[in-house]
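Below: final.cif (mmCIF, C-alpha atoms)
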```cif
data_run
#
loop_
_atom_site.label_atom_id
_atom_site.label_comp_id
_atom_site.auth_asym_id
_atom_site.auth_seq_id
_atom_site.Cartn_x
_atom_site.Cartn_y
_atom_site.Cartn_z
CA MET A 149 82.71 95.04 115.32
CA PRO A 150 82.76 95.78 119.10
CA GLU A 151 80.90 98.80 120.50
CA MET A 152 83.42 101.60 121.01
CA ASN A 153 83.41 105.30 121.74
CA PRO A 154 84.53 107.63 118.89
CA ASP A 155 87.97 108.28 120.41
CA GLU A 156 88.72 104.56 120.83
CA MET A 157 87.64 104.00 117.23
CA LEU A 158 89.90 106.84 116.05
CA VAL A 159 92.89 105.43 117.96
CA ALA A 160 92.21 101.97 116.46
CA PHE A 161 92.03 103.44 112.94
CA ALA A 162 95.20 105.49 113.44
CA LEU A 163 97.10 102.49 114.83
CA ALA A 164 95.86 100.18 112.07
CA THR A 165 97.00 102.63 109.39
CA PHE A 166 100.28 103.30 111.21
CA GLU A 167 101.11 99.61 111.47
CA THR A 168 100.02 98.80 107.92
CA ALA A 169 102.19 101.65 106.57
CA LEU A 170 105.08 100.72 108.86
CA PHE A 171 104.90 97.07 107.80
CA THR A 172 104.85 98.08 104.11
CA LEU A 173 107.83 100.41 104.51
CA ALA A 174 109.71 97.82 106.57
CA LEU A 175 109.39 95.44 103.61
CA LEU A 176 110.07 98.09 100.95
CA LEU A 177 113.15 99.80 102.36
CA PRO A 178 115.42 96.71 102.77
CA LEU A 179 114.35 95.45 99.32
CA PHE A 180 115.26 98.82 97.80
CA LEU A 181 118.60 98.96 99.61
CA ALA A 182 119.36 95.42 98.40
CA GLY A 183 118.61 96.56 94.84
CA SER A 184 115.80 94.05 94.27
CA LEU A 185 112.74 96.28 94.74
CA GLY A 186 112.35 97.06 91.02
CA SER A 187 112.16 93.41 89.97
CA SER A 188 109.86 92.54 92.92
CA LEU A 189 107.39 95.32 92.08
CA ALA A 190 107.61 94.64 88.33
CA SER A 191 106.31 91.11 88.96
CA LEU A 192 103.31 92.46 90.93
CA ASN A 193 100.25 93.79 89.07
CA THR A 194 99.32 97.32 90.27
CA LEU A 195 95.69 96.45 90.98
CA ALA A 196 96.70 93.26 92.83
CA GLY A 197 99.19 95.30 94.91
CA LEU A 198 96.49 97.83 95.84
CA MET A 199 94.13 95.02 96.82
CA VAL A 200 96.76 93.33 99.00
CA PHE A 201 97.40 96.64 100.79
CA ALA A 202 93.64 97.23 101.21
CA LEU A 203 93.18 93.73 102.66
CA LEU A 204 96.06 94.27 105.11
CA TRP A 205 94.59 97.66 106.12
CA VAL A 206 91.03 96.33 106.67
CA SER A 207 92.07 93.19 108.58
CA THR A 208 94.48 95.19 110.78
CA PHE A 209 91.71 97.72 111.52
CA TYR A 210 89.31 94.94 112.57
CA CYS A 211 91.90 93.30 114.86
CA MET A 212 92.97 96.69 116.23
CA CYS A 213 89.35 97.56 117.12
CA ARG A 214 89.11 94.33 119.11
CA ALA A 215 92.46 94.95 120.82
CA VAL A 216 91.74 98.61 121.71
CA ASN A 217 88.28 97.66 122.98
CA GLU A 218 89.75 94.99 125.27
CA VAL A 219 92.59 97.20 126.55
CA GLY A 220 90.48 100.38 126.89
CA LEU A 221 91.65 103.99 126.71
CA SER A 222 92.31 105.89 129.87
CA ARG A 223 93.87 109.25 130.62
CA GLU A 224 95.88 107.62 133.45
CA GLY A 225 97.79 105.52 130.90
CA VAL A 226 97.43 102.05 129.45
CA PRO A 227 98.30 98.84 131.32
CA VAL A 228 101.47 97.84 129.41
CA LEU A 229 101.35 94.10 130.11
CA LEU A 230 97.72 93.86 128.97
CA LEU A 231 98.60 95.94 125.88
CA LEU A 232 101.49 93.58 125.00
CA ALA A 233 99.33 90.48 125.54
CA LYS A 234 96.46 91.82 123.43
CA GLY A 235 98.92 93.07 120.78
CA ALA A 236 100.40 89.59 120.40
CA TRP A 237 96.99 87.84 120.53
CA TRP A 238 95.27 90.06 117.93
CA GLY A 239 98.45 90.34 115.84
CA GLY A 240 98.34 86.55 115.55
CA TRP A 241 94.68 86.58 114.47
CA ASN A 242 95.49 89.30 111.94
CA GLY A 243 98.07 86.96 110.43
CA VAL A 244 95.48 84.16 110.25
CA LEU A 245 92.96 86.52 108.58
CA LEU A 246 95.56 87.53 106.00
CA VAL A 247 96.19 83.89 105.06
CA THR A 248 92.61 82.61 105.15
CA ALA A 249 90.76 85.54 103.48
CA PRO A 250 92.54 85.24 100.08
CA LEU A 251 92.32 81.45 100.37
CA CYS A 252 88.52 81.61 100.82
CA VAL A 253 88.20 84.06 97.91
CA ALA A 254 90.34 81.79 95.71
CA ALA A 255 88.60 78.57 96.80
CA LEU A 256 85.15 79.32 95.33
CA PRO A 257 86.12 80.01 91.68
CA ALA A 258 88.69 77.19 91.84
CA ALA A 259 85.99 74.79 93.06
CA LEU A 260 83.62 75.87 90.25
CA TYR A 261 86.38 75.42 87.69
CA VAL A 262 87.30 71.99 88.97
CA LEU A 263 83.63 70.91 89.28
CA LEU A 264 82.95 71.87 85.66
CA GLY A 265 86.15 70.37 84.27
CA TRP A 266 87.00 67.36 86.44
CA GLY A 267 84.30 66.01 88.73
CA VAL A 268 83.05 65.84 92.32
CA GLU A 269 85.94 63.73 93.72
CA ASP A 270 88.49 66.25 92.50
CA VAL A 271 86.61 69.04 94.30
CA GLY A 272 86.99 67.05 97.51
CA ARG A 273 90.71 66.67 96.87
CA LEU A 274 91.01 70.40 96.15
CA PHE A 275 89.24 71.34 99.39
CA PHE A 276 91.41 68.89 101.34
CA ALA A 277 94.51 70.60 99.90
CA ILE A 278 93.09 74.04 100.75
CA ILE A 279 92.23 73.04 104.34
CA LEU A 280 95.67 71.41 104.78
CA PHE A 281 97.48 74.44 103.37
CA GLY A 282 95.15 76.86 105.22
CA GLY A 283 95.65 75.04 108.53
CA PHE A 284 99.44 74.94 108.33
CA GLY A 285 99.61 78.44 106.82
CA SER A 286 97.33 79.78 109.58
CA PHE A 287 99.55 78.30 112.29
CA VAL A 288 102.70 79.87 110.80
CA ALA A 289 100.83 83.15 110.19
CA TYR A 290 99.60 83.19 113.81
CA VAL A 291 103.13 82.82 115.18
CA ILE A 292 104.60 85.50 112.86
CA GLY A 293 101.59 87.83 113.35
CA GLY A 294 101.86 87.40 117.13
CA ALA A 295 105.54 88.38 117.12
CA VAL A 296 104.84 91.40 114.89
CA GLY A 297 101.87 92.36 117.09
CA PHE A 298 104.01 92.17 120.23
CA VAL A 299 106.69 94.48 118.77
CA ALA A 300 103.98 96.85 117.48
CA ALA A 301 102.39 96.92 120.96
CA LEU A 302 105.78 97.83 122.50
CA LEU A 303 106.07 100.72 120.03
CA THR A 304 102.48 101.76 120.76
CA ALA A 305 103.17 101.84 124.51
CA ALA A 306 106.21 104.10 123.93
CA LEU A 307 104.29 106.48 121.64
CA TRP A 308 101.32 106.60 124.07
CA TRP A 309 103.70 107.51 126.90
CA ILE A 310 105.27 110.35 124.83
CA ALA A 311 101.78 111.65 123.94
CA GLY A 312 100.79 111.50 127.61
CA CYS A 313 103.82 113.59 128.60
CA LEU A 314 102.95 116.21 125.95
CA VAL A 315 99.30 116.56 126.88
CA GLN A 316 99.70 115.96 130.62
CA PRO A 317 103.09 117.62 131.40
CA GLU A 318 102.59 116.89 135.11
CA ARG A 319 102.99 113.17 134.29
CA LEU A 320 106.61 113.76 133.22
CA GLN A 321 107.21 115.61 136.49
CA GLU A 322 105.62 112.76 138.50
CA SER A 323 107.79 110.13 136.79
CA SER A 324 110.98 112.13 137.35
CA GLU A 325 110.05 112.64 141.03
CA GLY A 326 109.34 108.91 141.38
CA SER A 327 112.76 107.87 140.05
CA MET B 15 96.10 104.12 85.86
CA SER B 16 99.50 105.58 86.84
CA PHE B 17 98.12 109.14 86.38
CA LEU B 18 95.17 108.34 88.67
CA ILE B 19 97.51 106.85 91.29
CA ARG B 20 99.74 109.95 91.18
CA CYS B 21 96.66 112.24 91.50
CA VAL B 22 95.45 110.38 94.61
CA HIS B 23 98.99 110.47 96.07
CA VAL B 24 99.37 114.24 95.60
CA THR B 25 95.82 115.00 96.82
CA ALA B 26 96.34 112.94 99.98
CA VAL B 27 99.62 114.71 100.81
CA SER B 28 98.07 118.14 100.09
CA PHE B 29 95.21 117.38 102.46
CA ILE B 30 97.54 116.30 105.28
CA PHE B 31 99.64 119.45 104.86
CA GLY B 32 96.74 121.91 104.46
CA GLY B 33 94.72 120.50 107.34
CA ALA B 34 97.67 120.49 109.76
CA LEU B 35 98.57 124.08 108.82
CA LEU B 36 94.96 125.22 109.27
CA LEU B 37 94.75 123.65 112.75
CA PHE B 38 98.13 125.08 113.72
CA LEU B 39 96.85 128.56 112.85
CA ALA B 40 93.40 128.02 114.40
CA LEU B 41 94.83 126.75 117.73
CA GLY B 42 97.15 129.74 117.92
CA ARG B 43 94.35 132.26 118.24
CA ARG B 44 92.88 132.96 121.65
CA ASN B 45 89.82 131.09 120.57
CA ARG B 46 86.82 130.58 122.84
CA HIS B 47 85.32 127.88 120.64
CA LEU B 48 87.54 125.08 121.92
CA ALA B 49 84.79 122.47 121.74
CA ALA B 50 84.30 123.29 118.05
CA LEU B 51 88.07 123.05 117.53
CA LEU B 52 88.12 119.60 119.14
CA ASP B 53 85.43 118.52 116.64
CA LEU B 54 87.49 119.95 113.77
CA MET B 55 90.60 118.17 115.05
CA ARG B 56 88.72 114.88 115.31
CA THR B 57 87.57 115.20 111.68
CA TYR B 58 91.13 116.00 110.60
CA GLU B 59 92.57 113.05 112.52
CA TRP B 60 90.19 110.59 110.81
CA ALA B 61 90.72 112.08 107.36
CA SER B 62 94.49 112.44 107.74
CA TRP B 63 94.92 108.75 108.63
CA ALA B 64 92.79 107.78 105.63
CA ALA B 65 95.03 110.08 103.55
CA ILE B 66 98.19 108.51 105.04
CA GLY B 67 96.94 105.04 104.10
CA LEU B 68 96.18 106.20 100.55
CA MET B 69 99.54 108.00 100.38
CA VAL B 70 101.51 104.85 101.26
CA MET B 71 99.32 102.63 99.06
CA THR B 72 99.73 104.89 96.00
CA GLY B 73 103.40 105.56 96.83
CA VAL B 74 104.14 101.85 96.37
CA GLY B 75 102.11 102.00 93.13
CA ASN B 76 104.26 104.93 91.93
CA LEU B 77 107.44 102.95 92.60
CA GLY B 78 105.94 99.92 90.84
CA HIS B 79 105.49 102.09 87.74
CA PHE B 80 109.32 102.23 87.41
CA GLY B 81 109.52 98.44 87.42
CA GLU B 82 112.97 97.12 86.47
CA GLY B 83 114.00 100.70 85.63
CA LEU B 84 114.06 101.73 89.31
CA PRO B 85 117.44 103.47 89.86
CA ASN B 86 120.13 101.92 92.05
CA PRO B 87 120.10 102.81 95.80
CA ASP B 88 123.70 104.10 95.47
CA SER B 89 122.74 106.66 92.82
CA GLY B 90 121.86 110.26 93.73
CA TRP B 91 118.18 109.53 93.05
CA GLY B 92 118.36 106.35 95.14
CA ARG B 93 119.83 108.22 98.11
CA LYS B 94 117.06 110.82 97.91
CA LEU B 95 114.43 108.07 97.82
CA THR B 96 116.00 106.40 100.87
CA LEU B 97 115.90 109.75 102.68
CA LYS B 98 112.25 110.23 101.70
CA LEU B 99 111.25 106.77 102.96
CA VAL B 100 113.08 107.32 106.27
CA LEU B 101 111.36 110.71 106.65
CA VAL B 102 108.01 109.01 106.05
CA LEU B 103 108.82 106.52 108.84
CA PHE B 104 109.43 109.38 111.29
CA PHE B 105 106.34 111.19 110.00
CA LEU B 106 104.24 108.12 110.80
CA ALA B 107 105.55 108.08 114.39
CA LEU B 108 104.89 111.83 114.75
CA SER B 109 101.34 111.45 113.42
CA THR B 110 100.65 108.63 115.88
CA ILE B 111 101.87 110.75 118.81
CA ARG B 112 99.68 113.63 117.59
CA THR B 113 96.57 111.43 117.34
CA PHE B 114 97.23 109.90 120.78
CA SER B 115 97.64 113.41 122.20
CA PHE B 116 94.36 114.46 120.65
CA ALA B 117 92.61 111.35 122.03
CA LEU B 118 93.93 112.11 125.53
CA ALA B 119 92.84 115.76 125.20
CA SER B 120 89.41 114.64 124.06
CA LEU B 121 89.14 112.21 127.02
CA GLU B 122 89.80 115.09 129.39
CA SER B 123 87.44 117.52 127.66
CA PRO B 124 85.96 119.90 128.92
CA GLY B 125 88.52 120.15 131.75
CA PHE B 126 91.26 120.19 129.16
CA GLU B 127 90.14 123.57 127.80
CA ALA B 128 91.69 125.33 130.79
CA ARG B 129 95.15 123.84 130.23
CA ARG B 130 97.00 126.28 128.06
CA ARG B 131 100.36 124.51 128.08
CA ALA B 132 98.90 121.26 126.86
CA TRP B 133 96.97 123.11 124.12
CA SER B 134 100.20 124.76 123.09
CA ASN B 135 101.93 121.34 122.83
CA LEU B 136 99.05 120.04 120.73
CA ARG B 137 99.37 123.08 118.48
CA GLY B 138 103.10 122.39 118.18
CA LEU B 139 102.33 118.85 116.98
CA TYR B 140 100.12 120.20 114.17
CA GLY B 141 102.87 122.68 113.25
CA ALA B 142 105.47 119.88 113.25
CA THR B 143 103.17 117.78 111.04
CA ALA B 144 102.93 120.62 108.47
CA LEU B 145 106.70 121.18 108.61
CA PHE B 146 107.49 117.48 108.24
CA VAL B 147 105.13 117.10 105.26
CA ALA B 148 106.69 120.20 103.63
CA THR B 149 110.14 118.58 103.99
CA ILE B 150 108.92 115.30 102.50
CA VAL B 151 107.25 117.21 99.63
CA GLY B 152 110.56 119.03 99.04
CA THR B 153 112.34 115.67 98.74
CA ALA B 154 109.59 114.40 96.43
CA ILE B 155 109.91 117.47 94.17
CA SER B 156 113.66 116.94 94.09
CA LEU B 157 113.07 113.27 93.11
CA ALA B 158 110.68 114.23 90.33
CA HIS B 159 112.55 117.15 88.78
CA PHE B 160 116.25 117.19 89.70
#
```

Before anything else, please render the file you have as structure tokens.
Amino acid sequence: MPEMNPDEMLVAFALATFETALFTLALLLPLFLAGSLGSSLASLNTLAGLMVFALLWVSTFYCMCRAVNEVGLSREGVPVLLLLAKGAWWGGWNGVLLVTAPLCVAALPAALYVLLGWGVEDVGRLFFAIILFGGFGSFVAYVIGGAVGFVAALLTAALWWIAGCLVQPERLQESSEGS
Amino acid sequence: MSFLIRCVHVTAVSFIFGGALLLFLALGRRNRHLAALLDLMRTYEWASWAAIGLMVMTGVGNLGHFGEGLPNPDSGWGRKLTLKLVLVLFFLALSTIRTFSFALASLESPGFEARRRAWSNLRGLYGATALFVATIVGTAISLAHF
């Protein structure tokens, strides 16, 4: 974890929770409106669902800490281009984390099971399949995560600007005088 | 398990509502202990985001409890649920603006203490948070009982 001041850490935590919740609702709402949410949730174990959400929350928080640390908080406003670039970059890595973390957790017991039941060569084949799937999956996850991160960074820039106008009303006056 | 999930959900929402109302009232008084209030606000911001995460996490769990029996989106219940989810989306945006405003205020501290208008806007955000949560709770009560 990078060294951050308490306010930067708070902003990272708020943004990570905001984006995790937003992402969850963005998946939930269209499924519900299409009438397929019930069957989708029925096929998901409650504990597994909670763990998936927790994993998404933790990995987003880690990536957000890195992004906020690299962009930096300033009362004068955030550099939007840097924010968008870091949003896309760390959004991509968040996608990779989400694919590789469950894969690593699943790989160990699977390897033990295969080692006990089949033999050493089959373990090699299993790991080859995991690396192949992990590599391709990571690439796809990076692209999707990057796109999601870019959109989330755009939204963050807009919300930061609104907050700035509320706490520093003179900023709104300056921008209206400038235009 | 479903009872535990519902308990966590209700506790989280109660905390968000109670904390925002308390800060709205505390910021309204001509208080000289602004540094202490900033500390209180920081604690609330951390805890409220943890509560929001738990609220969404357990909210999905609550819906999962219905399984295949989840009512149709065109039904009266379905329309209320859609309204509740849309309200939650707006609540998330409002909460983010509030936390950003607090972070900016904290960056400016102690110079910020002199700026009454900005304090008043911050107070308004805590009031809006309490009001928004009360509206969402009203929709939730309607979903559960009517």

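The list of residues with at least one atom within 6 Å of stretch 208-215 of chain A, based on all atoms listed in the file and without residues fewer than 4 positions apart in the same chain, reads A:Ala160, A:Phe161, A:Ala164, A:Leu204, A:Lys234, A:Trp238.
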
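Of the listed residues (B:Leu84, B:Val22, B:Met15, B:Leu54), B:Leu84 comes nearest to chain A; the distances count only C-alpha atoms.
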
Set out as a Markdown table a contact list for stretch 211-317 of chain A and stretch 192-200 of chain A with a cut-off of 12 Å, giving each residue of stretch 211-317 of chain A that qualifies its closest atom pair and distance in Å to one decimal, counting all atoms listed in the file, ordered by chain and rising residue number.
```
| residue | atom | partner | partner_atom | distance |
| --- | --- | --- | --- | --- |
| A:Leu246 | CA | A:Val200 | CA | 9.2 |
| A:Val247 | CA | A:Val200 | CA | 11.2 |
| A:Ala249 | CA | A:Val200 | CA | 10.8 |
| A:Pro250 | CA | A:Val200 | CA | 9.2 |
```

Radius query 8 Å about (99.9, 99.0, 125.4), atoms used: all atoms listed in the file, as an MDAnalysis selection string: chainID A and resid 219 226:232 235 301:302 304:305 308

Could you write out that same residue set with C-alpha atoms as a PDB file, in the coordinates of the input?
```pdb
ATOM      1  CA  VAL A 219      92.590  97.200 126.550  1.00  0.00           C
ATOM      2  CA  VAL A 226      97.430 102.050 129.450  1.00  0.00           C
ATOM      3  CA  PRO A 227      98.300  98.840 131.320  1.00  0.00           C
ATOM      4  CA  VAL A 228     101.470  97.840 129.410  1.00  0.00           C
ATOM      5  CA  LEU A 229     101.350  94.100 130.110  1.00  0.00           C
ATOM      6  CA  LEU A 230      97.720  93.860 128.970  1.00  0.00           C
ATOM      7  CA  LEU A 231      98.600  95.940 125.880  1.00  0.00           C
ATOM      8  CA  LEU A 232     101.490  93.580 125.000  1.00  0.00           C
ATOM      9  CA  GLY A 235      98.920  93.070 120.780  1.00  0.00           C
ATOM     10  CA  ALA A 301     102.390  96.920 120.960  1.00  0.00           C
ATOM     11  CA  LEU A 302     105.780  97.830 122.500  1.00  0.00           C
ATOM     12  CA  THR A 304     102.480 101.760 120.760  1.00  0.00           C
ATOM     13  CA  ALA A 305     103.170 101.840 124.510  1.00  0.00           C
ATOM     14  CA  TRP A 308     101.320 106.600 124.070  1.00  0.00           C
TER      15      TRP A 308
END
```

Shortest interatomic distance to chain B - which of A:Ser184, A:Asn217, A:Ser207, A:Asn242, counting all atoms listed in the file: A:Ser184

Matched chain/residue IDs from the PyMOL selection byres ((chain B) within 8 of (chain A)), as number ranges by chain: B: 59-60, 63-64, 66-67, 70-72, 75, 77-84, 86-87, 96, 99, 103, 106-107, 110-115, 117-122, 132-133, 135-136

Non-local contacts of B:Cys21 (12 Å; only C-alpha atoms; under 4 positions in same chain excluded) as JSON, numbers by chain: {"B": [15, 16, 17, 25, 26, 27, 28, 68, 69, 72, 73, 75, 76]}

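With atom CA of B:Gly92 on one side and atom CA of B:Leu108 on the other, the separation reads 24.4 Å.
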
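Of note, atom CA of B:Ala144 and atom CA of B:Leu37 are spaced 9.7 Å apart.
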
Explicit residues for the PyMOL selection byres ((chain B and resi 141) around 9) (as an MDAnalysis selection string): chainID B and resid 34:35 37:39 136:140 142:146

Atom CA of A:Val299 to atom CA of A:Trp241, straight-line distance in Å: 15.0 Å

Counting all atoms listed in the file, the option among A:Leu274, A:Ala295, A:Gly239, A:Phe281 closest to A:Pro257: A:Leu274

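Of the listed residues A:Gly240, A:Leu203, A:Met152, A:Cys252, the one whose atoms come nearest to A:Ile279 is A:Cys252, with distances taken using all atoms listed in the file.
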